[in-house]
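Here is the file data33.pdb (PDB, C-alpha atoms, pLDDT in the B column).
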ATOM      1  CA  MET A   1     -61.094 -33.450 -45.344  1.00 55.00           C
ATOM      2  CA  SER A   2     -60.319 -31.629 -48.528  1.00 64.00           C
ATOM      3  CA  LEU A   3     -59.014 -33.214 -51.717  1.00 66.00           C
ATOM      4  CA  ALA A   4     -55.514 -31.925 -50.858  1.00 67.00           C
ATOM      5  CA  ASP A   5     -55.553 -34.034 -47.686  1.00 65.00           C
ATOM      6  CA  TYR A   6     -55.932 -37.186 -49.789  1.00 66.00           C
ATOM      7  CA  ALA A   7     -52.937 -36.328 -52.017  1.00 70.00           C
ATOM      8  CA  VAL A   8     -50.383 -37.080 -49.307  1.00 74.00           C
ATOM      9  CA  ARG A   9     -52.015 -40.272 -47.990  1.00 80.00           C
ATOM     10  CA  LYS A  10     -52.326 -43.839 -49.104  1.00 83.00           C
ATOM     11  CA  TYR A  11     -56.024 -44.572 -49.445  1.00 80.00           C
ATOM     12  CA  ASP A  12     -58.257 -47.611 -49.637  1.00 79.00           C
ATOM     13  CA  PHE A  13     -61.299 -48.110 -51.781  1.00 79.00           C
ATOM     14  CA  LEU A  14     -64.388 -47.728 -49.641  1.00 78.00           C
ATOM     15  CA  ALA A  15     -65.925 -51.196 -49.224  1.00 76.00           C
ATOM     16  CA  PHE A  16     -68.837 -50.201 -46.976  1.00 74.00           C
ATOM     17  CA  GLN A  17     -71.016 -47.491 -48.559  1.00 72.00           C
ATOM     18  CA  GLY A  18     -73.609 -45.328 -46.814  1.00 68.00           C
ATOM     19  CA  ALA A  19     -71.935 -44.155 -43.598  1.00 71.00           C
ATOM     20  CA  THR A  20     -73.304 -40.961 -42.060  1.00 68.00           C
ATOM     21  CA  PRO A  21     -71.449 -38.461 -39.849  1.00 66.00           C
ATOM     22  CA  ASN A  22     -73.968 -38.892 -37.012  1.00 71.00           C
ATOM     23  CA  GLY A  23     -76.408 -41.575 -36.005  1.00 70.00           C
ATOM     24  CA  GLU A  24     -76.791 -45.103 -37.234  1.00 72.00           C
ATOM     25  CA  ALA A  25     -76.943 -46.200 -40.865  1.00 65.00           C
ATOM     26  CA  GLN A  26     -77.065 -49.598 -42.510  1.00 69.00           C
ATOM     27  CA  LEU A  27     -74.110 -49.913 -44.856  1.00 69.00           C
ATOM     28  CA  ASP A  28     -73.963 -51.651 -48.194  1.00 70.00           C
ATOM     29  CA  MET A  29     -70.916 -53.743 -49.013  1.00 69.00           C
ATOM     30  CA  ALA A  30     -70.064 -52.486 -52.504  1.00 69.00           C
ATOM     31  CA  LEU A  31     -67.029 -51.011 -54.212  1.00 73.00           C
ATOM     32  CA  TYR A  32     -69.134 -48.981 -56.644  1.00 72.00           C
ATOM     33  CA  SER A  33     -72.756 -48.141 -57.369  1.00 75.00           C
ATOM     34  CA  GLY A  34     -74.924 -46.791 -60.141  1.00 74.00           C
ATOM     35  CA  GLN A  35     -74.127 -43.276 -58.912  1.00 77.00           C
ATOM     36  CA  THR A  36     -70.338 -43.574 -58.483  1.00 75.00           C
ATOM     37  CA  ALA A  37     -67.408 -45.450 -59.945  1.00 78.00           C
ATOM     38  CA  GLY A  38     -66.159 -46.000 -56.419  1.00 79.00           C
ATOM     39  CA  LYS A  39     -65.121 -43.990 -53.385  1.00 82.00           C
ATOM     40  CA  ILE A  40     -61.970 -43.862 -51.307  1.00 81.00           C
ATOM     41  CA  CYS A  41     -61.345 -43.566 -47.584  1.00 81.00           C
ATOM     42  CA  VAL A  42     -58.557 -42.475 -45.268  1.00 86.00           C
ATOM     43  CA  GLY A  43     -58.183 -41.794 -41.559  1.00 90.00           C
ATOM     44  CA  ALA A  44     -60.418 -43.380 -38.936  1.00 91.00           C
ATOM     45  CA  GLN A  45     -62.800 -44.677 -41.606  1.00 90.00           C
ATOM     46  CA  LYS A  46     -59.947 -46.537 -43.317  1.00 92.00           C
ATOM     47  CA  LEU A  47     -58.793 -47.959 -39.981  1.00 95.00           C
ATOM     48  CA  THR A  48     -62.302 -49.126 -39.133  1.00 94.00           C
ATOM     49  CA  GLN A  49     -62.678 -50.755 -42.533  1.00 93.00           C
ATOM     50  CA  ARG A  50     -59.314 -52.544 -42.152  1.00 95.00           C
ATOM     51  CA  TRP A  51     -60.375 -53.831 -38.730  1.00 97.00           C
ATOM     52  CA  VAL A  52     -63.812 -55.048 -39.882  1.00 95.00           C
ATOM     53  CA  LEU A  53     -62.424 -56.856 -42.917  1.00 94.00           C
ATOM     54  CA  GLU A  54     -59.745 -58.604 -40.852  1.00 96.00           C
ATOM     55  CA  PHE A  55     -62.216 -59.492 -38.059  1.00 97.00           C
ATOM     56  CA  LEU A  56     -64.836 -60.932 -40.437  1.00 95.00           C
ATOM     57  CA  THR A  57     -62.272 -62.967 -42.404  1.00 96.00           C
ATOM     58  CA  GLU A  58     -62.110 -66.531 -41.176  1.00 96.00           C
ATOM     59  CA  LYS A  59     -58.515 -67.566 -40.531  1.00 95.00           C
ATOM     60  CA  GLY A  60     -57.318 -69.942 -43.255  1.00 90.00           C
ATOM     61  CA  SER A  61     -60.013 -68.909 -45.738  1.00 93.00           C
ATOM     62  CA  MET A  62     -57.688 -66.970 -48.054  1.00 90.00           C
ATOM     63  CA  PRO A  63     -55.513 -69.180 -50.288  1.00 91.00           C
ATOM     64  CA  GLY A  64     -51.959 -67.868 -50.221  1.00 90.00           C
ATOM     65  CA  LEU A  65     -52.582 -65.895 -47.012  1.00 88.00           C
ATOM     66  CA  PRO A  66     -53.452 -68.611 -44.463  1.00 90.00           C
ATOM     67  CA  ASP A  67     -52.609 -66.462 -41.436  1.00 90.00           C
ATOM     68  CA  ARG A  68     -54.986 -63.604 -42.320  1.00 93.00           C
ATOM     69  CA  GLY A  69     -58.202 -63.241 -40.352  1.00 95.00           C
ATOM     70  CA  CYS A  70     -59.182 -64.647 -36.977  1.00 97.00           C
ATOM     71  CA  ASP A  71     -61.255 -67.419 -35.413  1.00 97.00           C
ATOM     72  CA  PHE A  72     -64.440 -65.451 -34.607  1.00 97.00           C
ATOM     73  CA  MET A  73     -66.397 -66.378 -37.734  1.00 96.00           C
ATOM     74  CA  ALA A  74     -65.297 -70.032 -37.413  1.00 96.00           C
ATOM     75  CA  ALA A  75     -66.785 -70.039 -33.904  1.00 96.00           C
ATOM     76  CA  VAL A  76     -69.988 -68.538 -35.324  1.00 96.00           C
ATOM     77  CA  ARG A  77     -70.140 -71.095 -38.144  1.00 94.00           C
ATOM     78  CA  GLN A  78     -69.550 -73.974 -35.707  1.00 95.00           C
ATOM     79  CA  GLY A  79     -72.346 -72.774 -33.411  1.00 94.00           C
ATOM     80  CA  ARG A  80     -70.043 -72.190 -30.430  1.00 95.00           C
ATOM     81  CA  LEU A  81     -71.291 -68.671 -29.549  1.00 95.00           C
ATOM     82  CA  ARG A  82     -74.470 -69.280 -27.577  1.00 92.00           C
ATOM     83  CA  THR A  83     -73.902 -67.173 -24.434  1.00 95.00           C
ATOM     84  CA  GLN A  84     -72.698 -63.672 -23.614  1.00 96.00           C
ATOM     85  CA  LEU A  85     -69.525 -65.125 -22.105  1.00 97.00           C
ATOM     86  CA  ASN A  86     -68.817 -67.258 -25.217  1.00 96.00           C
ATOM     87  CA  VAL A  87     -69.189 -64.210 -27.469  1.00 97.00           C
ATOM     88  CA  GLU A  88     -67.021 -61.976 -25.258  1.00 98.00           C
ATOM     89  CA  GLN A  89     -64.228 -64.546 -24.973  1.00 98.00           C
ATOM     90  CA  SER A  90     -64.201 -65.239 -28.709  1.00 98.00           C
ATOM     91  CA  PHE A  91     -64.387 -61.523 -29.518  1.00 98.00           C
ATOM     92  CA  TYR A  92     -61.423 -60.531 -27.349  1.00 98.00           C
ATOM     93  CA  ALA A  93     -59.252 -63.459 -28.473  1.00 98.00           C
ATOM     94  CA  SER A  94     -60.006 -62.569 -32.094  1.00 98.00           C
ATOM     95  CA  ALA A  95     -59.605 -58.816 -31.528  1.00 98.00           C
ATOM     96  CA  LEU A  96     -56.126 -59.455 -30.105  1.00 97.00           C
ATOM     97  CA  ARG A  97     -55.191 -61.427 -33.211  1.00 97.00           C
ATOM     98  CA  VAL A  98     -56.586 -58.671 -35.456  1.00 97.00           C
ATOM     99  CA  ARG A  99     -54.685 -55.995 -33.507  1.00 97.00           C
ATOM    100  CA  THR A 100     -51.438 -57.911 -33.928  1.00 96.00           C
ATOM    101  CA  ALA A 101     -52.013 -58.382 -37.676  1.00 95.00           C
ATOM    102  CA  LEU A 102     -52.910 -54.723 -38.285  1.00 96.00           C
ATOM    103  CA  GLN A 103     -50.035 -53.405 -36.174  1.00 95.00           C
ATOM    104  CA  LEU A 104     -47.579 -55.588 -38.120  1.00 94.00           C
ATOM    105  CA  GLU A 105     -48.729 -53.775 -41.299  1.00 93.00           C
ATOM    106  CA  GLU A 106     -48.172 -50.332 -39.777  1.00 93.00           C
ATOM    107  CA  TYR A 107     -45.103 -48.254 -40.569  1.00 92.00           C
ATOM    108  CA  ASP A 108     -43.532 -45.163 -38.992  1.00 91.00           C
ATOM    109  CA  ALA A 109     -44.872 -42.657 -41.532  1.00 90.00           C
ATOM    110  CA  MET A 110     -48.438 -43.999 -41.331  1.00 93.00           C
ATOM    111  CA  PRO A 111     -50.864 -41.327 -40.050  1.00 94.00           C
ATOM    112  CA  ALA A 112     -51.819 -41.791 -36.397  1.00 95.00           C
ATOM    113  CA  ASP A 113     -55.551 -41.787 -37.244  1.00 95.00           C
ATOM    114  CA  GLU A 114     -55.003 -44.920 -39.384  1.00 95.00           C
ATOM    115  CA  ARG A 115     -53.077 -46.842 -36.712  1.00 97.00           C
ATOM    116  CA  LEU A 116     -55.014 -49.141 -34.397  1.00 97.00           C
ATOM    117  CA  ASP A 117     -54.995 -48.511 -30.669  1.00 97.00           C
ATOM    118  CA  ASP A 118     -57.833 -50.739 -29.498  1.00 97.00           C
ATOM    119  CA  ALA A 119     -61.124 -52.446 -30.292  1.00 98.00           C
ATOM    120  CA  GLU A 120     -63.592 -52.614 -27.427  1.00 98.00           C
ATOM    121  CA  LEU A 121     -66.760 -54.684 -27.332  1.00 98.00           C
ATOM    122  CA  LEU A 122     -69.433 -52.284 -26.055  1.00 98.00           C
ATOM    123  CA  SER A 123     -72.447 -54.583 -26.174  1.00 97.00           C
ATOM    124  CA  VAL A 124     -73.751 -57.884 -27.479  1.00 97.00           C
ATOM    125  CA  VAL A 125     -77.302 -58.822 -28.417  1.00 96.00           C
ATOM    126  CA  ILE A 126     -77.937 -62.511 -28.936  1.00 96.00           C
ATOM    127  CA  GLY A 127     -81.101 -63.422 -30.788  1.00 94.00           C
ATOM    128  CA  PRO A 128     -82.435 -66.450 -32.621  1.00 94.00           C
ATOM    129  CA  GLY A 129     -80.171 -66.737 -35.652  1.00 93.00           C
ATOM    130  CA  TYR A 130     -78.120 -63.564 -35.077  1.00 94.00           C
ATOM    131  CA  LEU A 131     -75.609 -61.663 -32.969  1.00 95.00           C
ATOM    132  CA  ASN A 132     -75.306 -57.888 -32.925  1.00 95.00           C
ATOM    133  CA  LEU A 133     -71.926 -56.662 -31.762  1.00 97.00           C
ATOM    134  CA  ARG A 134     -71.416 -52.974 -30.956  1.00 96.00           C
ATOM    135  CA  VAL A 135     -67.672 -52.287 -31.186  1.00 97.00           C
ATOM    136  CA  ALA A 136     -65.601 -49.128 -30.653  1.00 97.00           C
ATOM    137  CA  ILE A 137     -62.493 -48.938 -32.834  1.00 97.00           C
ATOM    138  CA  SER A 138     -59.964 -46.357 -31.643  1.00 97.00           C
ATOM    139  CA  SER A 139     -56.854 -45.039 -33.339  1.00 97.00           C
ATOM    140  CA  VAL A 140     -53.526 -43.993 -31.883  1.00 97.00           C
ATOM    141  CA  ALA A 141     -54.589 -40.390 -32.615  1.00 96.00           C
ATOM    142  CA  GLY A 142     -57.566 -40.820 -30.288  1.00 96.00           C
ATOM    143  CA  ASP A 143     -60.238 -40.952 -32.987  1.00 93.00           C
ATOM    144  CA  ALA A 144     -62.929 -43.549 -32.366  1.00 93.00           C
ATOM    145  CA  ARG A 145     -65.700 -45.021 -34.475  1.00 92.00           C
ATOM    146  CA  THR A 146     -68.526 -47.159 -33.137  1.00 93.00           C
ATOM    147  CA  ILE A 147     -69.802 -49.856 -35.442  1.00 92.00           C
ATOM    148  CA  ILE A 148     -72.531 -52.477 -35.233  1.00 92.00           C
ATOM    149  CA  LEU A 149     -71.748 -55.850 -36.724  1.00 93.00           C
ATOM    150  CA  PRO A 150     -74.829 -57.958 -37.447  1.00 92.00           C
ATOM    151  CA  VAL A 151     -73.664 -61.566 -37.636  1.00 94.00           C
ATOM    152  CA  GLU A 152     -75.933 -64.381 -38.765  1.00 94.00           C
ATOM    153  CA  THR A 153     -75.669 -67.481 -36.579  1.00 92.00           C
ATOM    154  CA  LEU A 154     -77.089 -70.968 -36.493  1.00 82.00           C
ATOM    155  CA  PRO A 155     -80.654 -70.962 -35.111  1.00 77.00           C
TER     156      PRO A 155
END

What's the structure tokens form of this structure?
Amino acid sequence: MSLADYAVRKYDFLAFQGATPNGEAQLDMALYSGQTAGKICVGAQKLTQRWVLEFLTEKGSMPGLPDRGCDFMAAVRQGRLRTQLNVEQSFYASALRVRTALQLEEYDAMPADERLDDAELLSVVIGPGYLNLRVAISSVAGDARTIILPVETLP
């Protein structure tokens, strides 16, 4: 995208720094660094960021916005995700809640690459003290981003 493409869009500040166009990269959660005063994002990257933030927010954890987030992280914190089936059920219930919340924020003039179509759980790795979720986030425009969410769990 060129700078002109950003002029006609609403953008978000980039919360997850270090993404690469190809391959896997560990991201840092930071709004700015020693090298920049902050970055912005639009398109599929903005959609993915919106989805991740909503999914990782525990429902009821935001004063003034008690309906934001979902129950996935509560299930993690309570130690209820011990099997593949537990993780899949919790993921899809939470992903449905996230989809509903994000679609309620969408408006007619919003670019199609920033509108959520689906979130699909591609794989789960359960280890001692962690879960790794590989998730594909797709937009109405057909763009998709695959992310890996490392989630710390109770041992």

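Take CA of Asp108 in chain A and CA of Asp12 in chain A: the distance between them is 18.3 Å.
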
Residues matched by the PyMOL selection byres ((chain A and resi 48) around 12), written as JSON, numbers by chain: {"A": [12, 14, 15, 16, 19, 41, 42, 43, 44, 45, 46, 47, 49, 50, 51, 52, 53, 54, 55, 98, 99, 102, 113, 114, 115, 116, 117, 118, 119, 135, 136, 137, 138, 139, 143, 144, 145, 146, 147, 148, 149]}

What's around range 77-86 of chain A at 9 Å? Count all atoms listed in the file, leave out sequence neighbours fewer than 3 positions away in its own chain, and write the answer as JSON, numbers by chain. {"A": [72, 73, 74, 89, 90, 91, 124, 125, 126, 131, 152, 153, 154, 155]}

Among listed residues A:Arg9, A:Arg134, A:Lys39, A:Lys59, nearest Ala101 in chain A (using all atoms listed in the file): A:Lys59

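Rounded to one decimal, CA of Arg97 in chain A and CA of Cys70 in chain A lie 6.4 Å from each other.
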